[in-house]
Amino acid sequence: MTDCIFCKIVAGEIPSKKAAETINVLAFYDIDPSAETHVLVIPKKHIETFLDLKKEHSNILSQMLRLTQQLIKSEKIDRKYKLVINGGEYQFVPHLHWHLLGGEVKKQV
Ligand code: AMP
Ligand code: ZN
């Protein structure tokens with residue numbers, strides 16, 4: 001999607017600090033971290049919200065989950081982490097993502 005900030009990050013048109021990636025998934029550090037570690041995990045394909053996930057996305061979803069597990073280990077946050085998905089009025093960027101927060105949480109996502 002041309003007007004989507006996260007699609008632009010995937011395309012390299014907007015800079016980001018990459019944490020990890022697979023063929024279908026990108027993880028990058030949040031620009032305004034809410035916790036000591038704050039990574040966003042997104043599908044490279046534009047899927048708007050959590051509710052738009054369908055059976056056909058099962059491969060993408062399993063890559064998102066697997067990459068998140070790997071990040072919890074590589075970021076060394078396995079003793080203190082949480083995953084957050086915002087939706088509706090809580091979701092500011094209309095490209096599916098979840099927040100991986102680790103260590104001390106400073107503010108709500
Ligand atoms: P949400 O409210 O779930 O849509 O959260 C969107 C998140 O994207 C926020 O935590 C923002 O700080 C983060 N964000 C917005 N623009 C960028 C960007 N260019 N690079 C990294 N993170 C961003
Ligand atoms: Zn997008």
# chains A, B, ... in the order shown; residues from 1 in each chain; ligands from 1
call {"tool": "residues_around", "arguments": {"residues": "Lys18 of chain A", "least_positions_apart": "5", "cutoff": "7 Å", "atoms": "only C-alpha atoms", "output": "NGL selection string"}}
result
:A and (27-29)
call {"tool": "write_last_selection", "arguments": {"atoms": "C-alpha atoms", "output": "CSV table (one decimal), in the first residue's frame"}}
result
chain,number,residue,atom,x,y,z
A,27,ALA,CA,10.8,-6.8,13.1
A,28,PHE,CA,12.2,-3.4,13.8
A,29,TYR,CA,12.7,-1.2,16.9
call {"tool": "residues_near_ligand", "arguments": {"ligand": "ligand 1", "cutoff": "12 Å", "atoms": "only C-alpha atoms and all ligand atoms", "output": "NGL selection string"}}
result
:A and (4-10 or 12-19 or 26-35 or 37-42 or 48-50 or 83-101 or 107-109)
call {"tool": "closest_residue", "arguments": {"among": "A:Gln70, A:Asn59, A:Thr2, A:Thr22", "to": "ligand 2", "atoms": "only C-alpha atoms and all ligand atoms"}}
result
A:Thr2
call {"tool": "select_by_dssp", "arguments": {"residues": "chain A", "states": "helix (DSSP H, G or I)", "output": "ChimeraX atom specification"}}
result
/A:5-11,50-52,55-74,88-90
call {"tool": "write_last_selection", "arguments": {"atoms": "C-alpha atoms", "output": "short mmCIF file (atom, residue, chain, number, x, y, z; two decimals), in the first residue's frame"}}
result
data_model
loop_
_atom_site.label_atom_id
_atom_site.label_comp_id
_atom_site.auth_asym_id
_atom_site.auth_seq_id
_atom_site.Cartn_x
_atom_site.Cartn_y
_atom_site.Cartn_z
CA ILE A 5 4.26 4.09 6.78
CA PHE A 6 5.05 0.46 7.59
CA CYS A 7 4.90 -0.54 3.91
CA LYS A 8 7.40 2.26 3.30
CA ILE A 9 9.65 0.83 6.03
CA VAL A 10 9.42 -2.61 4.37
CA ALA A 11 10.33 -1.00 1.02
CA PHE A 50 -5.70 -8.22 13.44
CA LEU A 51 -9.28 -8.87 12.37
CA ASP A 52 -8.20 -9.02 8.71
CA LYS A 55 -6.69 -18.72 6.95
CA GLU A 56 -4.61 -17.89 3.85
CA HIS A 57 -2.25 -15.87 6.09
CA SER A 58 -1.39 -18.83 8.30
CA ASN A 59 2.16 -19.04 6.93
CA ILE A 60 2.79 -15.35 7.63
CA LEU A 61 1.28 -15.65 11.09
CA SER A 62 3.39 -18.63 12.02
CA GLN A 63 6.52 -16.78 10.83
CA MET A 64 5.52 -13.80 12.99
CA LEU A 65 5.14 -16.07 16.00
CA ARG A 66 8.39 -17.92 15.39
CA LEU A 67 10.38 -14.73 14.82
CA THR A 68 8.92 -13.30 18.02
CA GLN A 69 10.04 -16.36 19.98
CA GLN A 70 13.54 -15.94 18.53
CA LEU A 71 13.57 -12.23 19.40
CA ILE A 72 12.57 -12.93 23.00
CA LYS A 73 15.70 -15.06 23.22
CA SER A 74 18.06 -12.85 21.19
CA GLY A 88 -9.83 -0.06 16.67
CA GLU A 89 -9.19 3.37 18.16
CA TYR A 90 -6.08 2.05 19.92
#
call {"tool": "atom_distance", "arguments": {"atom1": "atom 1 (Zn, counted along the ligand's line) of ligand 2", "atom2": "atom CA of Ile47 of chain A"}}
result
6.6 Å
call {"tool": "atom_distance", "arguments": {"atom1": "atom CA of Met1 of chain A", "atom2": "atom CA of Lys45 of chain A"}}
result
8.7 Å
call {"tool": "atom_distance", "arguments": {"atom1": "atom CA of Ile23 of chain A", "atom2": "atom CA of Glu75 of chain A"}}
result
20.5 Å
